[in-house]
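Novice: Got a structure here, written out as structure tokens. Questions coming.
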Amino acid sequence: MVRDALCAAHGWREDEVTLVVIRTTGDRVQDRALAEIGGKALWTKELDRALLDREIDAAVHSMKDVETIRPPAIRIAAMLPRADVRDRLIGAETIAAIVAGGTVGTSSPRRRAQVLRLRPDLNVVLFRGNVDTRLAKLAAGEADATLLAAAGLDRLGREGIGRAIPTDVMLPAPAQGAVGIEVRSDDEGAAMVVAAIDDPATSACVLAERAFLAALGADCHSPVAALAGLSGEMLSLRAELIAEDGSAGVEGAGEGTDGSVVAAELAADLLARAPDVVRRLFQP
């Protein structure tokens with residue numbers, strides 16, 4: 001997708017862009033939750049090394065999987081237009097329709113907390129692996145339902161799989177559905193090349209969602225949901241903080257013309273109103 005966008009923007013042939021496939025620790029380790037084995041850095045550290053060692057000029061990431069605080073030597077240079085931000089439920093029509101006492105497979109602390117908030121009777125088990133692996137586990141009866149990002153399914157040509165969950169039922173993870181491109185901070189040439197394919201609205205919204213995470217001090221253990229929208233120069237941000245077991249939560253919204261200010265104010269508001277069991281996740 002990034003190669004095609006660069007070729008379209010600059011009039012390049014496909015063979016003028018070299019694709020370097022890098023298999024990350026997150027790809028290789030599939031039997032444990034990310035939070036147990038190093039968090040989101042498992043998706044970025046190998047690409048960071050290749051970038052800083054000048055083996056590549058730009059690194060492409062699913063922004064949902066990029067740590068909130070990045071190395072100073074690396075900067076986000078662009079984001080492609082955002083895809084569907086929603087989660088899809090596979091195995092049932094709705095969360096409410098999952099069989100009583102049923103099992104849901106997911107590796108996401110956010111999805112686990114949201115499911116248990118909606119249906120405390122459900123059992124949530126760890127599901128790791130790529131889309132086919134998770135669907136195979138579901139077909140084998142390891143769970144009654146699972147949740148996957150709509151954007152990932154769509155990009156794999158699986159548009160017909162599952163039912164999209166409205167964002168007023170389940171807010172997505174911050175930056176869900178966004179593909180970002182990073183370059184070295186001192187490489188102005190690469191930054192200019194990549195900037196040509198940036199979608200300003202996506203960048204504004206995703207950076208606000210990431211600023212919200214930074215203001216919270218959240219990491220991959222933290223059940224956090226957030227979604228920004230842009231209307232003209234006005235940015236709106238909705239967010240939710242949830243206890244790990246879904247037993248409590250707090251939500252809110254804010255808007256303004258400066259995404260970082262909106263994010264900081266909303267984070268402060270939610271932390272001030274959060275039940276102790278939720279606040280302790282961010283202010284131990």
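Identifiers in this document derive from the order of the structure tokens: chains are assigned A, B, ..., residues are numbered from 1 separately in each chain, and ligands are numbered from 1 in order of occurrence.
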Please list as a list in words every residue within 12 Å of Val2 (chain A), counting only C-alpha atoms and excluding residues in the same chain fewer than 6 positions away.
Specialist: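 Residues meeting the cut-off are Ala8, Ala9, Glu14, Val17, Thr18, Leu19, Ala58, Ala59, Val60, His61, Ser62, Ala78, Met79, Leu80, Pro81, Ala178, Val179, Gly180, Ile181, Glu182, Val193, Val194, Ala195, Ala196, Ile197 and Asp198 of chain A.
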Novice: Compile a residue-level contact table for region 164-212 of chain A against region 83-105 of chain A at a cut-off of 8 Å, reporting for every qualifying residue the shortest atom pair and its distance in Å to one decimal, with only C-alpha atoms counted, rows ordered by chain and ascending number, as a tab-separated table.
Specialist:
residue	atom	partner	partner_atom	distance
A:Ala164	CA	A:Arg88	CA	4.2
A:Ile165	CA	A:Asp87	CA	5.7
A:Pro166	CA	A:Arg86	CA	6.8
A:Thr167	CA	A:Arg86	CA	6.4
A:Met170	CA	A:Asp87	CA	7.7
A:Leu171	CA	A:Arg86	CA	7.5
A:Pro172	CA	A:Arg86	CA	5.9
A:Gln176	CA	A:Val85	CA	5.5
A:Gly177	CA	A:Ala83	CA	4.9
A:Ala178	CA	A:Ala83	CA	6.4
Novice: For region 220-235 of chain A, work out the shell of residues within 8 Å, counting only C-alpha atoms and skipping chain neighbours fewer than 4 positions away, then give it as a PyMOL selection string.
Specialist: chain A and resi 34-35+39-40+109-111+113+171-175+201+204-206+208-209+239-244+255-259+281-282
Novice: Take the residues just selected and output them with C-alpha atoms as a compact mmCIF listing (two decimals), in the first residue's frame.
Specialist:
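The resulting selection.txt:
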# COMPACT_ATOMS: atom_id res chain seq x y z
CA LEU A 34 2.31 -9.31 24.23
CA ALA A 35 2.20 -7.65 27.66
CA GLY A 39 4.71 -5.22 24.89
CA LYS A 40 4.40 -3.25 21.69
CA PRO A 109 -6.53 -6.25 27.26
CA ARG A 110 -8.90 -3.58 25.88
CA ARG A 111 -11.18 -6.06 24.12
CA ALA A 113 -12.15 -5.53 29.48
CA LEU A 171 -14.63 2.11 21.13
CA PRO A 172 -11.53 0.96 19.23
CA ALA A 173 -7.94 1.00 20.37
CA PRO A 174 -6.11 4.29 19.86
CA ALA A 175 -4.74 4.47 16.28
CA ALA A 201 -6.92 14.15 8.84
CA ALA A 204 -4.28 14.71 13.26
CA CYS A 205 -6.68 12.14 14.75
CA VAL A 206 -4.11 9.42 15.39
CA ALA A 208 -4.34 13.10 19.26
CA GLU A 209 -5.16 9.54 20.30
CA ALA A 239 -12.21 7.79 25.26
CA GLU A 240 -12.80 5.09 27.84
CA LEU A 241 -10.71 3.63 30.66
CA ILE A 242 -11.77 0.23 31.98
CA ALA A 243 -10.78 -2.08 34.82
CA GLU A 244 -8.98 -5.19 33.59
CA GLU A 255 -13.05 18.86 21.58
CA GLY A 256 -10.93 21.74 20.43
CA THR A 257 -8.58 22.92 17.70
CA ASP A 258 -5.38 21.57 19.31
CA GLY A 259 -5.40 17.78 19.52
CA LEU A 281 -3.78 1.12 36.38
CA PHE A 282 -2.36 4.52 35.41
Novice: Determine which residues of region 12-255 of chain A receive a DSSP assignment of strand (DSSP E), computed from the backbone, and state them as a PyMOL selection string.
Specialist: chain A and resi 59-62+74-79+87-90+103-105+123-125+145-149+163-164+179-184+224-231+234-242+249-255
Novice: Pick out each residue of region 22-191 of chain A that DSSP on the backbone tags as alpha helix (DSSP H); I need them as a VMD selection string.
Specialist: chain A and resid 25 to 28 41 to 52 109 to 118 131 to 139 150 to 155 188 to 191
Novice: Atoms to include: C-alpha atoms. Write the selected residues as an mmCIF file, in the first residue's frame.
Specialist:
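Just written: again_0.cif:
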data_model
loop_
_atom_site.group_PDB
_atom_site.id
_atom_site.type_symbol
_atom_site.label_atom_id
_atom_site.label_comp_id
_atom_site.auth_asym_id
_atom_site.auth_seq_id
_atom_site.Cartn_x
_atom_site.Cartn_y
_atom_site.Cartn_z
ATOM 1 C CA THR A 25 9.371 -10.983 17.632
ATOM 2 C CA GLY A 26 5.639 -10.272 17.755
ATOM 3 C CA ASP A 27 5.239 -12.354 14.600
ATOM 4 C CA ARG A 28 7.331 -15.240 15.932
ATOM 5 C CA ALA A 41 8.187 -3.034 21.163
ATOM 6 C CA LEU A 42 7.906 -6.611 19.916
ATOM 7 C CA TRP A 43 6.399 -5.189 16.719
ATOM 8 C CA THR A 44 8.871 -2.331 16.258
ATOM 9 C CA LYS A 45 12.336 -3.088 17.616
ATOM 10 C CA GLU A 46 13.555 -5.042 14.571
ATOM 11 C CA LEU A 47 12.296 -2.334 12.208
ATOM 12 C CA ASP A 48 13.847 0.366 14.404
ATOM 13 C CA ARG A 49 17.212 -1.380 14.233
ATOM 14 C CA ALA A 50 17.022 -1.718 10.440
ATOM 15 C CA LEU A 51 16.056 1.944 10.126
ATOM 16 C CA LEU A 52 18.812 3.242 12.412
ATOM 17 C CA PRO A 109 -6.528 -6.245 27.256
ATOM 18 C CA ARG A 110 -8.902 -3.581 25.880
ATOM 19 C CA ARG A 111 -11.183 -6.064 24.124
ATOM 20 C CA ARG A 112 -11.126 -8.362 27.152
ATOM 21 C CA ALA A 113 -12.148 -5.533 29.478
ATOM 22 C CA GLN A 114 -14.828 -4.230 27.120
ATOM 23 C CA VAL A 115 -16.348 -7.671 26.606
ATOM 24 C CA LEU A 116 -16.453 -8.328 30.344
ATOM 25 C CA ARG A 117 -17.895 -4.860 30.948
ATOM 26 C CA LEU A 118 -20.750 -5.708 28.574
ATOM 27 C CA VAL A 131 -6.125 -14.176 11.153
ATOM 28 C CA ASP A 132 -6.145 -17.744 9.818
ATOM 29 C CA THR A 133 -4.748 -19.106 13.087
ATOM 30 C CA ARG A 134 -7.412 -17.358 15.148
ATOM 31 C CA LEU A 135 -10.207 -18.424 12.814
ATOM 32 C CA ALA A 136 -8.926 -22.010 12.986
ATOM 33 C CA LYS A 137 -9.002 -21.898 16.784
ATOM 34 C CA LEU A 138 -12.562 -20.622 16.632
ATOM 35 C CA ALA A 139 -13.579 -23.362 14.171
ATOM 36 C CA ALA A 150 -12.047 -4.680 10.646
ATOM 37 C CA ALA A 151 -9.154 -2.885 8.938
ATOM 38 C CA GLY A 152 -6.922 -5.948 9.049
ATOM 39 C CA LEU A 153 -9.647 -8.211 7.705
ATOM 40 C CA ASP A 154 -10.458 -5.761 4.903
ATOM 41 C CA ARG A 155 -6.790 -5.467 3.885
ATOM 42 C CA GLU A 188 15.073 15.208 5.637
ATOM 43 C CA GLY A 189 15.111 13.686 2.168
ATOM 44 C CA ALA A 190 13.153 10.605 3.227
ATOM 45 C CA ALA A 191 10.801 12.742 5.281
#
Novice: Work out how far apart CA of Gly129 (chain A) and CA of Met63 (chain A) are and give it in Å to one decimal.
Specialist: 18.3 Å
Novice: Between CA of Thr24 (chain A) and CA of Arg70 (chain A), what is the distance, to one decimal in Å?
Specialist: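 So the answer is 17.0 Å.
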Novice: Need to verify the contact set: Pro72 (chain A), 10 Å, only C-alpha atoms, exclusion of same-chain residues closer than 6 positions in sequence. Can you return it as a list in words?
Specialist: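 Skipping anything fewer than 6 positions along the chain leaves Arg184, Ser185 and Asp186 of chain A.
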Novice: Between CA of Glu67 (chain A) and CA of Arg158 (chain A), what distance in Å does the model show, to one decimal?
Specialist: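 Computing the Euclidean distance for CA of Glu67 (chain A) and CA of Arg158 (chain A) yields 27.3 Å.
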Novice: Nearest to Leu216 (chain A) among A:Val183, A:Met192, A:Ser203, A:Leu266, with distances taken over only C-alpha atoms: which residue is it?
Specialist: A:Leu266
Novice: Considering only C-alpha atoms, return as a CSV table (one decimal) with N, CA and C atoms, in the first residue's frame whatever protein or nucleic-acid residues lie within 10 Å of Arg13 (chain A), sequence-local ones (same chain, fewer than 5 positions apart) excluded.
Specialist:
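Writing done, so here's selection.csv:
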chain,number,residue,atom,x,y,z
A,3,ARG,N,4.1,1.4,-0.9
A,3,ARG,CA,4.8,1.5,-2.2
A,3,ARG,C,3.9,2.1,-3.3
A,4,ASP,N,2.7,1.6,-3.4
A,4,ASP,CA,1.8,2.0,-4.4
A,4,ASP,C,1.5,3.5,-4.3
A,6,LEU,N,3.4,5.8,-2.9
A,6,LEU,CA,4.7,6.6,-3.2
A,6,LEU,C,4.8,6.6,-4.7
A,7,CYS,N,4.6,5.5,-5.4
A,7,CYS,CA,4.7,5.5,-6.9
A,7,CYS,C,3.7,6.4,-7.5
A,8,ALA,N,2.5,6.4,-7.0
A,8,ALA,CA,1.5,7.3,-7.5
A,8,ALA,C,1.8,8.8,-7.3
